[in-house]
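Down below is the structure, laid out as structure tokens.
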Amino acid sequence: MSPQLTLQTPLQIPPSEIPSYLKKLWTQEQIDNKGANTFSLIIWQPAWIEQKLVTTGKINEPILGNQRLEIIEAARQIVLENDLPHSTPPFDKSVLASIKACRDIEPEEDLRGQHIDHSISELKPRRLITLAPTIGKGRELEALVAAYCPLPEEGGGNAACGDVVVLRGDVESLKDSLHTVEQLIPNDLPSWLWWNGSLDEDPDLLNKVAIPVRRLIIDTALGEPLRCLDLLQGSIKNGQAVNDLNWLRLRTWRETLAMVFDPPNRREILHNLVNVDIDIEGENPVQGLLFAAWIADRLEWKLEKDIYKEGNIINAKFTRLDRSVVTFRLMPLPVGKPSIHPGQIIGLRLISRPKDDPKKSVCIILASESGECMRLEAGGMASMELLEEVVPIQKNSAEMDVARLLSTSRGSTSPLLANAAPLAAKMLGLINPTK
Amino acid sequence: MNMPITNPLRIGLRQERVVTPQCLVIFGASGDLTHRKLIPALFELFKQRRLPSEFAIIGCARRPWNDEEFRRKMSSALKETVKESPKEWEDFSSNLFYEPVNLQHSEDVINLAQRLDEIDRLKATHGNRTFYLSVSPKFYADACQSLAAAGLLKDPKRNRVVIEKPFGRDYGSAQTLNQLVQNCALESQIFRIDHYLGKETVQNILVLRFANAIFEPIWNRNYISNVQITSAETVGVEDRAGYYESAGALRDMVQNHLTQMLAITAMEPPGHFDPESIRNEKAKVLQAARLANELEPWKSCVRGQYSKGGNQSQPILGYREEPGVNPNSTTETYVAMKLFVDNWRWQGVPFYIRTGKRLAKRTSEVALTFREAPVHLFDAAGGTPTSNQLILRIQPDEGAEFRFEVKSPGSGMRSRPVEMEFSYDESFGEPSDEGYVRLLADAMLGDPTLFTRSDEVEAAWRLYTPLLELIEDSPWQLPIYPYEARTWGPAESDALLAKDQLLWRRP
């Protein structure tokens with residue numbers, strides 16, 4: 001796997017010399033080529049589980065920092081070996097805590113930042129800066145620098161289009177290097193920060209590197225749910241351009257649900273909704289809450305304060321514009337082979353019951369597979385008019401999601417997300433442990 | 001409760017591309033097209049938030065207006081739209097500017113360049129400029145030359161020029177114009193607009209063909225017996241007599257709109273959905289197209305002209321009685337013709353195309369008729385089974401329908417045709433954008449997919465050259481047949497198909 005071709009072997013240089021080295025690299029070797037007029041991307045790339053799997057000898061490969069199959073399978077094996085619940089997502093923090101050392105070994109190679117997924121490299125980023133923290137303390141900062149170009153089949157030509165900078169060391173040394181990072185960001189191009197890790201880790205570092213002018217990419221499926229939602233809504237409120245991969249993965253659900261109501265003769269159904277049930281994979285409720293919040297926001301429902309948890313099921317109530325009540329339930333379901341993305345929605349059921357004509361009740365079911373369809377059909381739903389759609393579950397790697405985002409968006413916060421995030425955070429914040 | 005016009009769950013889901021900082025310069029800003037199509041389309045883009053804040057529109061024409069006057073004229077021309085969204089119009093119109101320009105006076109163009117620099121600084125448009133030539137076709141070459149001389153086309157990445165139809169009057173003039181324009185700018189900077197390609201339903205032909213596995217295997221000579229492409233108008237020449245007298249239906253509709261529909265219907269699947277792949281395939285199919293009888297081209301075409309019609313209470317003028325039309329005019333307001341596409345896919349399949357003014361119904365469609373079932377096992381209600389037809393409705397009532405035979409209810413085994421329908425209105429419930437909305441955005445984004453490349457234009461003109469030469473040199477061989485206004489054209493047009501034992505579809 002060599003999706004990105006560097007023009008020369010990455011050169012290890014003292015961190016303080018990076019700016020001058022890069023300047024020299026472009027002026028001496030690439031005369032008349034100022035690089036791609038695209039964007040710069042800073043990636044926080046901890047890859048803790050991969051590092052641990054490699055350093056404990058569970059897998060025998062260089063550290064690349066991507067979500068490849070070998071890592072996912074090795075992490076799933078850890079779940080089995082350590083009797084973790086089968087529905088534990090492979091990149092869950094409990095997996096990290098469970099990896100026990102067979103032997104402590106020094107990784108053969110740490111190639112983080114040098115092997116960028118081709119879906120990203122084909123967008124010709126002008127500068128990729130990877131912050132690669134290492135496990136353990138006391139590791140001094142190292143800097144690697146190279147010019148690169150995408151392979152011709154990815155649309156690359158002969159000209160070099162960008163450069164990669166890798167800063168590797170322990171978290172403290174990386175924090176100390178942030179002033180160097182700031183010097184490396186081209187002023188005239190959009191800059192993005194992809195926090196490719198849990199939102200629980202190092203809020204201080206995240207705050208420092210996610211400055212407001214930078215377009216932030218996060219994944220609210222990674223981290224403690226309330227903290228993730230608070231961070232999401234807080235960043236949006238502060239004017240930061242935020243792009244949440246967990247929200248982006250909801251795209252097919254939003255699109256399919258909207259598609260159901262595109263025919264004008266179905267619009268009336270939306271005015272008579274009385275139940276919204278969402279099933280999610282595993283325990284993380286963030287995506288389910290964001291989806292419910294989006295529906296509520298679009299239909300102008302008001303959240304009632306009566307929110308409670310019954311076991312691990314979240315129950316809430318909304319009030320429609322006509323003051324009727326809509327009951328909402330978010331149900332986590334255990335699954336045998338969970339997705340790499342925690343808490344993905346696997347089913348949605350809406351029930352519409354016109355007050356004046358209950359015979360015209362309609363049940364709308366969106367599900368990721370036929371088993372889930374059948375589950376949601378149970379309980380007499382078939383006595384109503386049924387509208388059903390199957391929604392393909394998102395299996396893209398984070399790298400592909402980020403590439404899609406970089407290629408299709410200008411990076412500003414989606415207004416839909418900006419409306420849904422505070423409502424989702426409010427729902428989670430209001431939950432009483434039991435009723 | 002009132003039915004909402006918009007699906008509330010649909011709002012904000014479309015991922016429309018936002019135009020980069022841009023200055024759009026419209027030459028011919030005092031003309032009809034500007035206030036009827038261009039400014040409304042730009043205002044629509046503005047309302048859809050697809051224009052950046054770094055945006056300016058500069059109207060240019062010979063009239064000595066200023067910014068305020070231009071804004072006032074546009075506001076009054078669009079008064080109904082402005083009334084619906086006054087706040088948005090106020091914001092939008094602050095981006096409208098005006099500069100008096102006579103394209104034949106080089107000093108005017110130099111002044112314009114200075115004004116553009118000022119506006120660049122004022123609106124931070126970064127030198128991204130799209131020049132829209134909504135002027136008489138005779139000024140296209142001069143306009144491009146003046147722009148190039150003033151250095152306004154020198155940056156191929158930032159400067160583009162959009163050219164309205166008609167692009168040339170025949171093959172030779174199109175070639176000359178292409179050469180002149182290409183001397184001023186790179187082909188990648190030239191956007192020849194055909195607003196039919198901006199229509200959702202025309203683009204849908206591509207999606208229907210290439211996003212579905214069921215159509216492509218039967219989209220060929222083995223299954224399709226003939227293709228009819230129709231673009232019918234109920235209106236007459238209206239206030240365009242000056243232009244129409246020198247153009248006629250062949251130049252006004254066939255060479256561009258109908259030929260583009262033919263190309264999209266008949267093209268091979270492109271390897272990728274990128275501008276060049278699509279335009280390569282369109283150009284190839286046009287290069288393979290020919291009149292059904294090249295040696296005797298008059299046998300492949302029928303021309304007509306509407307005569308008076310209507311009734312006593314609502315009489316309709318004939319073409320020759322219309323204001324501005326020569327009372328002895330021999331300009332055609334109707335054309336029907338038969339073409340072939342000489343390639344593996346379409347060899348032997350006739351393509352019939354027709355267009356006309358003052359026809360019975362306003363409609364544009366592509367109708368593909370499939371071959372008959374090889375054996376007729378059942379009695380058909382109509383005597384013989386109706387051939388399957390796929391009809392792609394471009395406008396109005398945008399959508400598609402498929403006609404096929406089913407068992408007629410009852411104890412026998414008689415068959416009768418039924419229709420399976422898809423309607424944009426019923427499925428999506430929202431009107432599509434005007435073609436200009438899409439095309440203006442694409443031009444400013446530098447996406448040429450839906451614009452016509454030089455070789456396509458030339459191939460289209462070459463296709464009709466034998467007819468144009470006949471009209472020019474021996475018009476008696478291609479006579480004008482009169483037809484009553486608000487009918488389906490002259491009887492001779494029916495005869496064109498009758499020779500092949502076919503009938504025109506009555507939409």
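Order determines the names: the first chain of the structure tokens is A, the second B, and so forth; residues in each chain are numbered 1 upward, and ligands are numbered 1 upward as they are shown.
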Please report as an mmCIF file with N, CA and C atoms, in the first residue's frame which residues of chain A come no farther than 8 Å from chain B, using only C-alpha atoms.
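Dumped to out-v5.cif:
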```cif
data_model
loop_
_atom_site.group_PDB
_atom_site.id
_atom_site.type_symbol
_atom_site.label_atom_id
_atom_site.label_comp_id
_atom_site.auth_asym_id
_atom_site.auth_seq_id
_atom_site.Cartn_x
_atom_site.Cartn_y
_atom_site.Cartn_z
ATOM 1 N N ARG A 254 -30.646 10.998 6.685
ATOM 2 C CA ARG A 254 -31.374 12.251 6.448
ATOM 3 C C ARG A 254 -31.956 12.254 5.035
ATOM 4 N N GLU A 255 -31.120 11.848 4.086
ATOM 5 C CA GLU A 255 -31.538 11.874 2.681
ATOM 6 C C GLU A 255 -32.692 10.902 2.448
ATOM 7 N N LEU A 257 -34.860 9.712 4.640
ATOM 8 C CA LEU A 257 -36.082 10.150 5.311
ATOM 9 C C LEU A 257 -36.722 11.314 4.533
ATOM 10 N N ALA A 258 -35.892 12.232 4.077
ATOM 11 C CA ALA A 258 -36.435 13.352 3.285
ATOM 12 C C ALA A 258 -37.085 12.821 2.011
ATOM 13 N N MET A 259 -36.449 11.810 1.419
ATOM 14 C CA MET A 259 -36.961 11.232 0.165
ATOM 15 C C MET A 259 -38.364 10.651 0.361
ATOM 16 N N PHE A 261 -40.619 11.757 2.144
ATOM 17 C CA PHE A 261 -41.625 12.820 2.197
ATOM 18 C C PHE A 261 -41.533 13.804 1.033
ATOM 19 N N ASP A 262 -40.769 13.457 0.028
ATOM 20 C CA ASP A 262 -40.720 14.329 -1.155
ATOM 21 C C ASP A 262 -42.056 14.396 -1.887
ATOM 22 N N PRO A 263 -42.750 13.269 -2.089
ATOM 23 C CA PRO A 263 -44.041 13.401 -2.783
ATOM 24 C C PRO A 263 -44.987 14.276 -1.958
ATOM 25 N N PRO A 264 -45.539 15.309 -2.560
ATOM 26 C CA PRO A 264 -46.367 16.254 -1.786
ATOM 27 C C PRO A 264 -47.514 15.591 -1.041
ATOM 28 N N ASN A 265 -48.032 14.467 -1.574
ATOM 29 C CA ASN A 265 -49.185 13.853 -0.903
ATOM 30 C C ASN A 265 -48.795 13.176 0.419
ATOM 31 N N ARG A 267 -46.818 14.822 2.697
ATOM 32 C CA ARG A 267 -46.393 15.861 3.664
ATOM 33 C C ARG A 267 -47.278 15.884 4.908
ATOM 34 N N GLU A 268 -48.567 15.570 4.705
ATOM 35 C CA GLU A 268 -49.505 15.631 5.818
ATOM 36 C C GLU A 268 -49.082 14.669 6.937
ATOM 37 N N ILE A 295 -34.654 16.031 13.184
ATOM 38 C CA ILE A 295 -36.084 15.879 12.844
ATOM 39 C C ILE A 295 -36.895 16.922 13.624
ATOM 40 N N ARG A 298 -36.371 20.449 12.270
ATOM 41 C CA ARG A 298 -36.999 20.686 10.973
ATOM 42 C C ARG A 298 -38.519 20.805 11.095
ATOM 43 N N LEU A 299 -39.087 20.035 12.048
ATOM 44 C CA LEU A 299 -40.544 20.045 12.185
ATOM 45 C C LEU A 299 -41.002 21.025 13.267
ATOM 46 N N THR A 408 -15.977 18.295 -0.950
ATOM 47 C CA THR A 408 -17.312 18.807 -1.260
ATOM 48 C C THR A 408 -17.718 20.012 -0.429
ATOM 49 N N PRO A 415 -25.643 24.502 8.665
ATOM 50 C CA PRO A 415 -26.686 25.133 9.484
ATOM 51 C C PRO A 415 -27.588 24.088 10.148
ATOM 52 N N LEU A 416 -27.758 22.949 9.489
ATOM 53 C CA LEU A 416 -28.601 21.899 10.076
ATOM 54 C C LEU A 416 -27.943 21.352 11.338
#
```
I'd like the neighbourhood of region 319-330 of chain A as an MDAnalysis selection string, where a residue qualifies if any of its atoms comes within 9 Å (using only C-alpha atoms), though same-chain residues fewer than 4 positions away should be ignored. chainID A and resid 271:280 285 288:289 292 296 299:304 312:315
Take the residues from that selection and write them out as a PDB file, in the first residue's frame, keeping C-alpha atoms.
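Wrote it out as selection-v2.pdb, contents follow:
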```pdb
ATOM      1  CA  HIS A 271     -47.942  16.917  10.829  1.00  0.00           C
ATOM      2  CA  ASN A 272     -49.374  13.950  12.666  1.00  0.00           C
ATOM      3  CA  LEU A 273     -46.262  12.216  13.968  1.00  0.00           C
ATOM      4  CA  VAL A 274     -46.736  10.862  17.496  1.00  0.00           C
ATOM      5  CA  ASN A 275     -43.797   8.476  17.898  1.00  0.00           C
ATOM      6  CA  VAL A 276     -40.149   8.538  16.948  1.00  0.00           C
ATOM      7  CA  ASP A 277     -38.137   5.430  17.794  1.00  0.00           C
ATOM      8  CA  ILE A 278     -34.485   5.189  16.944  1.00  0.00           C
ATOM      9  CA  ASP A 279     -32.377   2.053  17.359  1.00  0.00           C
ATOM     10  CA  ILE A 280     -28.633   2.411  17.601  1.00  0.00           C
ATOM     11  CA  PRO A 285     -26.250   7.773  21.817  1.00  0.00           C
ATOM     12  CA  GLY A 288     -29.189   8.935  17.432  1.00  0.00           C
ATOM     13  CA  LEU A 289     -29.682  12.142  19.386  1.00  0.00           C
ATOM     14  CA  ALA A 292     -33.738  13.072  16.506  1.00  0.00           C
ATOM     15  CA  ALA A 296     -37.385  17.932  15.776  1.00  0.00           C
ATOM     16  CA  LEU A 299     -40.544  20.045  12.185  1.00  0.00           C
ATOM     17  CA  GLU A 300     -40.331  22.841  14.765  1.00  0.00           C
ATOM     18  CA  TRP A 301     -40.991  20.620  17.764  1.00  0.00           C
ATOM     19  CA  LYS A 302     -40.202  21.800  21.283  1.00  0.00           C
ATOM     20  CA  LEU A 303     -38.355  19.573  23.716  1.00  0.00           C
ATOM     21  CA  GLU A 304     -40.122  18.917  27.001  1.00  0.00           C
ATOM     22  CA  ASN A 312     -29.993   2.274  28.752  1.00  0.00           C
ATOM     23  CA  ILE A 313     -33.036   3.482  26.803  1.00  0.00           C
ATOM     24  CA  ILE A 314     -33.448   7.240  26.512  1.00  0.00           C
ATOM     25  CA  ASN A 315     -37.029   8.504  26.603  1.00  0.00           C
TER      26      ASN A 315
END
```
Which residue, B:Glu398, B:Glu187, B:Gln175, B:Val181, has the smallest gap to Glu276 (chain B) when you use only C-alpha atoms? B:Glu187
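Taking only region 100-261 of chain B, the residues that DSSP calls strand (DSSP E) from the backbone come to Pro100, Arg129, Thr130, Phe131, Tyr132, Leu133, Asn159, Arg160, Val161, Val162, Ile163, Ile190, Phe191, Arg192, Ile224, Ser225, Asn226, Val227, Gln228, Ile229, Thr230, Ser231 and Ala232 of chain B.
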Output C-alpha atoms for every residue in the selection just made, as a compact mmCIF listing (two decimals), in the first residue's frame.
```txt
# COMPACT_ATOMS: atom_id res chain seq x y z
CA PRO B 100 -21.54 52.02 -20.45
CA ARG B 129 -14.32 37.26 -14.03
CA THR B 130 -16.96 35.71 -16.22
CA PHE B 131 -17.94 37.70 -19.29
CA TYR B 132 -21.40 36.92 -20.61
CA LEU B 133 -22.01 37.91 -24.22
CA ASN B 159 -11.33 34.58 -16.79
CA ARG B 160 -14.10 32.98 -18.83
CA VAL B 161 -16.41 34.02 -21.58
CA VAL B 162 -19.96 32.75 -22.03
CA ILE B 163 -21.38 32.95 -25.52
CA ILE B 190 -15.08 29.46 -23.64
CA PHE B 191 -18.54 28.44 -22.51
CA ARG B 192 -21.04 28.15 -25.39
CA ILE B 224 -35.31 0.35 -30.55
CA SER B 225 -37.11 0.82 -33.85
CA ASN B 226 -37.16 4.61 -33.98
CA VAL B 227 -36.66 7.74 -31.91
CA GLN B 228 -38.79 10.88 -32.12
CA ILE B 229 -37.56 14.14 -30.64
CA THR B 230 -40.11 16.92 -30.44
CA SER B 231 -39.96 20.49 -29.26
CA ALA B 232 -43.28 22.17 -29.88
```
A straight line from CA of Lys138 (chain B) to CA of Leu177 (chain B) spans 9.8 Å
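One finds CA of Leu193 (chain A) at 13.7 Å from CA of Thr413 (chain A).
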Name all residues at most 12 Å from Leu174 (chain A) (count only C-alpha atoms; drop same-chain ones fewer than 3 positions away) and give them as a PyMOL selection string. chain A and resi 15+44-46+130-134+137-143+166-171+177-181+202+205-206+208-209
Would you save the residues from that selection as a PDB file, in the first residue's frame, using C-alpha atoms?
```pdb
ATOM      1  CA  PRO A  15      12.114  20.858  14.201  1.00  0.00           C
ATOM      2  CA  TRP A  44      -3.834  14.854  15.168  1.00  0.00           C
ATOM      3  CA  GLN A  45      -2.952  11.213  14.632  1.00  0.00           C
ATOM      4  CA  PRO A  46      -2.561   9.344  17.926  1.00  0.00           C
ATOM      5  CA  THR A 130       0.810  15.203  11.098  1.00  0.00           C
ATOM      6  CA  LEU A 131       1.089  15.399  14.851  1.00  0.00           C
ATOM      7  CA  ALA A 132       2.012  11.848  15.829  1.00  0.00           C
ATOM      8  CA  PRO A 133       2.100  11.369  19.602  1.00  0.00           C
ATOM      9  CA  THR A 134       3.932   8.319  20.835  1.00  0.00           C
ATOM     10  CA  LYS A 137       6.650   9.786  28.024  1.00  0.00           C
ATOM     11  CA  GLY A 138      10.115  11.152  27.467  1.00  0.00           C
ATOM     12  CA  ARG A 139      10.193  10.793  23.688  1.00  0.00           C
ATOM     13  CA  GLU A 140      11.812  13.856  22.173  1.00  0.00           C
ATOM     14  CA  LEU A 141      10.338  15.635  19.224  1.00  0.00           C
ATOM     15  CA  GLU A 142      11.373  14.426  15.788  1.00  0.00           C
ATOM     16  CA  ALA A 143      10.537  16.128  12.518  1.00  0.00           C
ATOM     17  CA  VAL A 166       5.507  14.865  10.483  1.00  0.00           C
ATOM     18  CA  LEU A 167       6.085  15.899  14.075  1.00  0.00           C
ATOM     19  CA  ARG A 168       6.558  12.870  16.277  1.00  0.00           C
ATOM     20  CA  GLY A 169       7.182  12.707  19.986  1.00  0.00           C
ATOM     21  CA  ASP A 170       5.396  12.405  23.285  1.00  0.00           C
ATOM     22  CA  VAL A 171       2.348  14.576  23.905  1.00  0.00           C
ATOM     23  CA  SER A 177       6.043  22.321  19.048  1.00  0.00           C
ATOM     24  CA  LEU A 178       2.791  24.155  18.382  1.00  0.00           C
ATOM     25  CA  HIS A 179       4.527  27.453  17.650  1.00  0.00           C
ATOM     26  CA  THR A 180       6.387  25.666  14.829  1.00  0.00           C
ATOM     27  CA  VAL A 181       3.105  24.324  13.497  1.00  0.00           C
ATOM     28  CA  ASP A 202      -6.105  16.381  25.916  1.00  0.00           C
ATOM     29  CA  LEU A 205      -4.068  20.615  23.193  1.00  0.00           C
ATOM     30  CA  LEU A 206      -7.272  20.562  21.167  1.00  0.00           C
ATOM     31  CA  LYS A 208      -4.631  25.321  21.366  1.00  0.00           C
ATOM     32  CA  VAL A 209      -4.537  23.785  17.929  1.00  0.00           C
TER      33      VAL A 209
END
```
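If you count only C-alpha atoms and ignore residues fewer than 3 places along the chain from region 451-460 of chain B, what sits within 6 Å of it is B:Tyr171, B:Phe191, B:Arg192, B:Ile193, B:Gln255, B:Ala283, B:Leu286, B:Gln287, B:Pro448, B:Leu463.
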Excluding region 365-370 of chain B and any residue of its chain fewer than 4 positions from it, enumerate the residues within 10 Å of it, using only C-alpha atoms, and give them as number ranges by chain. B: 201-202, 205, 218-232, 258, 261-262, 265, 351-353, 386-396, 398-403, 504-505, 507
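Candidate residues A:Asp200, A:Asp163, A:Asp356, A:Glu377 were compared for distance to Tyr21 (chain A), and the nearest is A:Asp163, using only C-alpha atoms.
Going from CA of Ala210 (chain A) over to CA of Pro19 (chain A), you cover 20.7 Å.
Using only C-alpha atoms, the smallest distance between any of B:Val335, B:Leu467, B:Val25, B:Val101 and Asp252 (chain B) comes from B:Val335.
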Name all residues at most 8 Å from region 337-351 of chain A (count only C-alpha atoms; drop same-chain ones fewer than 4 positions away) and give them as an NGL selection string. :A and (72 or 86-91 or 221-222 or 246 or 273-288 or 332 or 361-369 or 372-373 or 376 or 393 or 395)
For the selection you just gave me, I'd like the residues written to a file as a compact mmCIF listing (two decimals), in the first residue's frame, keeping C-alpha atoms.
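Done, and the output landed in selection.txt:
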```txt
# COMPACT_ATOMS: atom_id res chain seq x y z
CA ILE A 72 -9.77 -3.56 12.97
CA HIS A 86 -19.37 -8.36 21.90
CA SER A 87 -20.88 -5.06 20.90
CA THR A 88 -17.71 -3.18 21.92
CA PRO A 89 -16.56 -1.10 18.91
CA PRO A 90 -13.00 -2.01 17.86
CA PHE A 91 -11.58 1.44 18.63
CA ALA A 221 -18.78 9.19 18.16
CA LEU A 222 -15.33 9.08 19.78
CA ASN A 246 -20.59 11.40 13.04
CA LEU A 273 -46.26 12.22 13.97
CA VAL A 274 -46.74 10.86 17.50
CA ASN A 275 -43.80 8.48 17.90
CA VAL A 276 -40.15 8.54 16.95
CA ASP A 277 -38.14 5.43 17.79
CA ILE A 278 -34.49 5.19 16.94
CA ASP A 279 -32.38 2.05 17.36
CA ILE A 280 -28.63 2.41 17.60
CA GLU A 281 -25.76 -0.02 17.52
CA GLY A 282 -24.16 -0.25 20.96
CA GLU A 283 -24.32 2.34 23.71
CA ASN A 284 -23.11 5.62 22.24
CA PRO A 285 -26.25 7.77 21.82
CA VAL A 286 -24.74 10.78 20.05
CA GLN A 287 -25.66 9.98 16.45
CA GLY A 288 -29.19 8.94 17.43
CA PRO A 332 -29.26 0.88 22.13
CA SER A 361 -52.27 6.11 10.58
CA VAL A 362 -48.98 5.51 8.85
CA CYS A 363 -45.84 3.78 10.07
CA ILE A 364 -42.56 4.76 8.46
CA ILE A 365 -39.66 2.39 8.96
CA LEU A 366 -36.12 3.01 7.85
CA ALA A 367 -33.72 0.22 8.71
CA SER A 368 -30.23 -0.83 7.87
CA GLU A 369 -31.10 -4.48 7.29
CA GLU A 372 -34.08 -4.65 11.92
CA CYS A 373 -37.05 -3.97 9.62
CA LEU A 376 -39.55 -2.45 14.00
CA ILE A 393 -25.07 1.47 6.74
CA LYS A 395 -18.79 1.53 6.27
```
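Nearest to Pro62 (chain A) of all the residues A:Arg375, A:Arg227, A:Lys23, A:His115 is A:His115, counting only C-alpha atoms.
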